[in-house]
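Q: Got a structure here, written out as C-alpha cells. Questions coming.
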Amino acid sequence: MTKKEVMETVLVSLGKRSYDIVIGQDILDAVGPRLKEYGFSKKIALVSNQTVFNLYGERVMNSVKAAGFDLSHILIPDGEEYKDMQWVNYILSELLKEGLDRKSALMALGGGVIGDITGFAASIYMRGIGYVQIPTTLLSQVDSSVGGKTGVNHTLGKNMIGTFYQPRLVWIDIDTLKTLPWRQRLSGLAEVIKYGVIWDAGFFQYLLDKTDEILSSIPDNLIYIIKRSCQIKAEVVSEDETESGLRAILNYGHTVGHAIESITGYRKFLHGEAVAMGMYAAASLARSLSMLEPDDLTRIKNILELYRLPVKVPTKISRKGLLELMYHDKKTISGELRFVLPNKIGGVSVVAVSDTDKILGCLQA
Ligand SMILES: NC(=O)c1ccc[n+]([C@@H]2O[C@H](COP(=O)([O-])OP(=O)(O)OC[C@H]3O[C@@H](n4cnc5c(N)ncnc54)[C@H](O)[C@@H]3O)[C@@H](O)[C@H]2O)c1
Ligand SMILES: [Zn+2]
C-alpha cells in the first residue's frame, strides 16, 4: 500500500475559536512547521505518558524543535486514574518551572486521558494558553479531541471538573493506530458507528459495506471514517458548543453505557464496548416505544456484531443497579431519565422516559 500523500482537513467552525483538524498518514514529522503559523512564543511543552512517548515522542519532539521551538516534555503516568487534579497541579508546576509564558502552547500526545488533562491545564495556566492535540487512539481521534471538552476526574465523579476550551489545531496521524491494541481500536469504532446512527445513514451504510477494509486498516478507508466522524462531531458542536441542546445527541448509547462502566468499576469494559451495549439497549427501547422499525433495530445489532462489539448486557449485571446509576448520572434533569433514541438510521430524538418497566425491559433484551 503506497502512503497517502494528501492530508485531509476538517474545519471546526466556531467563529474566532475555529480550528483545523488535519488527518493524514505518516504526518507526525510535519507538525513542527505547521505550528509556526499560530504565533506561539518559542517556549512550548508537550504532555504525554511513557507508553506513547516511547513510541512517538522523539519524532514529534524532533519536528517541533527543528521548527525553532524550545520544547520541553512533561510525562504523567499512564492510566485514567491519573486524570486528576494532582496531576494537573504537577503539569502546572512544570510549566511554571520551565517558564512558559502567556503566548506559550501545550501539545497533547496520547489518547483521551492525555488530551483531556492537557486541554484543562492549558485552559487555566495563566488564564488560558493555546493547545494542540495529537490524538493517538481511535477514540481520541474521532471523539475526545474534537469539541473542546477538557477536564479531569474527582473522587466523587468522573469528568466532574473541567472547562470548554477549544484547541488551536488537531493533528491526526493514522499510522499511530498501528501500535494500538486491537480491543482499543474496536472500542473507538463504536463511537464511529454512533455517528452513523445519530446523523448519517449513508455513513452507516459505508461502515457496513467497508467492514473488512476498515477492520484491516486500509489507509484510505481509515482516513475517510475519521474525517467523516470529525465532520459530524464538528457540525453538532458548531451548533451547540456548550451542550445546551443538540450536542446531547452525541450521548446516544451513553446513558446505559456509563452505568455499565460504573457498575463494573471501569475495569471490565472499555468505554466503546459499554457504549455499544448502550446503543443496542437504546435502540431496543426505541423499538419498544414504537419509534424505530424492527429492521432498523436489526441493522444496528448487526453492525455492532460485525465490528466485534458486545450488544447484550451480561446477565450477571444487576438491571436494577444499572437503573439506579442512570438516575444518578449528571445528565439527569430533575429526576427524569432522558434517552437519546434513534427513530431511524441517521436520526435521533431526545426522549424523557418515565416507564421504568420499559427501560428494564430493553436491558433484558
Ligand atoms: N473530551 C471529550 O469530549 C471526551 C470524549 C470521550 C472520551 N473522553 C475521555 O477520553 C478518555 C479515554 O480515552 P482513550 O480511550 O483514548 O484512552 P487512553 O487515553 O487511556 O488510552 C488508552 C491506552 O492506549 C495507550 N495508547 C495511546 N495511544 C497509543 C498508541 N498509538 N499505541 C499504543 N498504545 C497507545 C494509552 O497509553 C493507554 O494505555 C477518558 O478519560 C474519557 O473520559 C473525553
Ligand atoms: Zn463516548
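Lettering and numbering for the C-alpha cells are positional, with chains as A, B, ... in the shown order, residues counted from 1 in each chain, and ligands counted from 1 in the shown order.
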May I have the residues within 6 Å of segment 106-111 of chain A as a list of chain:residue names, using only C-alpha atoms and disregarding those fewer than 3 positions away in the same chain?
A: A:Ile44, A:Ala45, A:Leu46, A:Val47, A:Ser48, A:Val52, A:Ile114, A:Gly115, A:Thr118, A:Tyr131, A:Val132, A:Gln133, A:Ile134, A:Pro135, A:Thr136, A:Thr137, A:Ser140
Q: Given the selection you just returned, output its residues as a file containing N, CA, C and O atoms, formatted as an mmCIF file, in the first residue's frame.
A:
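The result, stored in result-v5.cif:
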data_model
loop_
_atom_site.group_PDB
_atom_site.id
_atom_site.type_symbol
_atom_site.label_atom_id
_atom_site.label_comp_id
_atom_site.auth_asym_id
_atom_site.auth_seq_id
_atom_site.Cartn_x
_atom_site.Cartn_y
_atom_site.Cartn_z
ATOM 1 N N ILE A 44 7.449 26.054 24.314
ATOM 2 C CA ILE A 44 6.218 25.278 24.393
ATOM 3 C C ILE A 44 6.517 23.939 25.086
ATOM 4 O O ILE A 44 7.674 23.580 25.258
ATOM 5 N N ALA A 45 5.452 23.252 25.486
ATOM 6 C CA ALA A 45 5.673 21.986 26.206
ATOM 7 C C ALA A 45 4.741 20.904 25.677
ATOM 8 O O ALA A 45 3.615 21.186 25.260
ATOM 9 N N LEU A 46 5.260 19.691 25.682
ATOM 10 C CA LEU A 46 4.476 18.546 25.240
ATOM 11 C C LEU A 46 4.147 17.679 26.454
ATOM 12 O O LEU A 46 5.015 17.412 27.280
ATOM 13 N N VAL A 47 2.877 17.284 26.547
ATOM 14 C CA VAL A 47 2.452 16.412 27.647
ATOM 15 C C VAL A 47 2.115 15.032 27.063
ATOM 16 O O VAL A 47 1.423 14.936 26.043
ATOM 17 N N SER A 48 2.627 14.000 27.697
ATOM 18 C CA SER A 48 2.359 12.647 27.206
ATOM 19 C C SER A 48 2.500 11.664 28.366
ATOM 20 O O SER A 48 2.649 12.081 29.518
ATOM 21 N N VAL A 52 3.153 6.221 25.200
ATOM 22 C CA VAL A 52 3.025 6.885 23.903
ATOM 23 C C VAL A 52 4.315 7.637 23.564
ATOM 24 O O VAL A 52 4.755 7.656 22.411
ATOM 25 N N ILE A 114 -4.725 11.894 28.088
ATOM 26 C CA ILE A 114 -3.724 12.950 27.922
ATOM 27 C C ILE A 114 -4.372 14.211 27.312
ATOM 28 O O ILE A 114 -4.108 15.334 27.747
ATOM 29 N N GLY A 115 -5.253 14.007 26.341
ATOM 30 C CA GLY A 115 -5.918 15.147 25.702
ATOM 31 C C GLY A 115 -6.751 15.945 26.689
ATOM 32 O O GLY A 115 -6.687 17.180 26.728
ATOM 33 N N THR A 118 -4.467 17.702 29.426
ATOM 34 C CA THR A 118 -3.631 18.751 28.836
ATOM 35 C C THR A 118 -4.484 19.963 28.453
ATOM 36 O O THR A 118 -4.114 21.105 28.700
ATOM 37 N N TYR A 131 -3.471 25.312 22.923
ATOM 38 C CA TYR A 131 -3.044 23.914 22.952
ATOM 39 C C TYR A 131 -3.371 23.203 21.641
ATOM 40 O O TYR A 131 -4.257 23.617 20.890
ATOM 41 N N VAL A 132 -2.557 22.185 21.412
ATOM 42 C CA VAL A 132 -2.624 21.423 20.172
ATOM 43 C C VAL A 132 -2.765 19.954 20.541
ATOM 44 O O VAL A 132 -2.086 19.472 21.443
ATOM 45 N N GLN A 133 -3.674 19.280 19.870
ATOM 46 C CA GLN A 133 -3.885 17.859 20.171
ATOM 47 C C GLN A 133 -3.244 16.986 19.099
ATOM 48 O O GLN A 133 -3.485 17.189 17.906
ATOM 49 N N ILE A 134 -2.491 15.993 19.542
ATOM 50 C CA ILE A 134 -2.050 14.927 18.631
ATOM 51 C C ILE A 134 -2.604 13.619 19.206
ATOM 52 O O ILE A 134 -1.943 12.921 19.968
ATOM 53 N N PRO A 135 -3.864 13.327 18.875
ATOM 54 C CA PRO A 135 -4.512 12.144 19.461
ATOM 55 C C PRO A 135 -3.976 10.860 18.830
ATOM 56 O O PRO A 135 -3.809 10.782 17.614
ATOM 57 N N THR A 136 -3.722 9.854 19.659
ATOM 58 C CA THR A 136 -3.106 8.624 19.152
ATOM 59 C C THR A 136 -3.947 7.372 19.360
ATOM 60 O O THR A 136 -3.493 6.269 19.080
ATOM 61 N N THR A 137 -5.162 7.513 19.905
ATOM 62 C CA THR A 137 -6.086 6.371 19.929
ATOM 63 C C THR A 137 -7.233 6.709 18.970
ATOM 64 O O THR A 137 -7.501 7.893 18.710
ATOM 65 N N SER A 140 -9.818 8.908 20.677
ATOM 66 C CA SER A 140 -9.473 10.324 20.804
ATOM 67 C C SER A 140 -9.468 11.012 19.442
ATOM 68 O O SER A 140 -9.779 12.196 19.336
#
Q: Any residue with an atom at most 7 Å from ligand 1 counts, using only C-alpha atoms and all ligand atoms. Which are they? Put them as a PyMOL selection string.
A: chain A and resi 49+51-52+78-80+83+110-114+116+136-140+143-150+159+176-181+184+271
Q: Do you know which residues are at most 10 Å from Arg168 of chain A counting only C-alpha atoms, after dropping those on the same chain fewer than 4 positions away, and could you put them as a ChimeraX atom specification?
A: /A:17-21,35,38,105,129-133
Q: May I ask which of the residues A:Ala282, A:Ala274, A:Leu11, A:Leu297 is the closest one to ligand 2, counting only C-alpha atoms and all ligand atoms?
A: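 Looking only at the distances to ligand 2, the closest residue turns out to be A:Ala274.
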Q: Within 7 Å of ligand 2, counting only C-alpha atoms and all ligand atoms, which protein or nucleic acid residues do you find, written as a list in words?
A: Glu191, His254, His271, Gly272 and Val275 of chain A
Q: Could you tell me, as an MDAnalysis selection string, which residues of segment 142-285 of chain A DSSP assigns to helix (DSSP H, G or I) when given the backbone?
A: chainID A and resid 142:144 174:179 182:199 201:209 211:215 219:239 246:251 254:263 271:285
Q: By how many Å are atom CA of Gln25 of chain A and atom CA of Pro219 of chain A apart?
A: 7.3 Å
Q: Rank A:Ile74, A:Val236, A:Leu306, A:Ala352 by their smallest atom-to-atom distance to Leu215 of chain A, using only C-alpha atoms, and report the top residue only.
A: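 Of A:Ile74, A:Val236, A:Leu306, A:Ala352, the one nearest Leu215 of chain A, counting only C-alpha atoms, is A:Leu306.
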Q: At a cut-off of 8 Å, using only C-alpha atoms, what residues contact segment 59-61 of chain A? Leave out same-chain residues fewer than 6 positions from it and give the result as a list in words.
A: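 The contact residues come out as Leu28, Asp29, Val31, Gly32 and Leu71 of chain A.
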Q: Rank nothing, just name the residue among A:Ile193, A:Arg228, A:Val311, A:Ser123 nearest to Gly257 of chain A, using only C-alpha atoms.
A: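 Using only C-alpha atoms, Gly257 of chain A sits closest to A:Val311.
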Q: For each of A:Asn343, A:Thr298, A:Ser349, A:Ser216, take the minimum atom-to-atom distance to Leu250 of chain A, counting only C-alpha atoms, then give the residue where this is smallest.
A: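 Of A:Asn343, A:Thr298, A:Ser349, A:Ser216, the one nearest Leu250 of chain A is A:Ser349, counting only C-alpha atoms.
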Q: Separation of atom CA of Glu261 of chain A and atom CA of Ser187 of chain A, in Å?
A: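 Atom CA of Ser187 of chain A lies at a distance of 13.1 Å from atom CA of Glu261 of chain A.
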Q: Skipping near chain neighbours, those fewer than 3 positions away, what residues fall within 12 Å of Tyr280 of chain A using only C-alpha atoms, listed as a ChimeraX atom specification?
A: /A:190,193-194,197,252-257,273-277,283-287,296-305,309-313,340-342,362-365
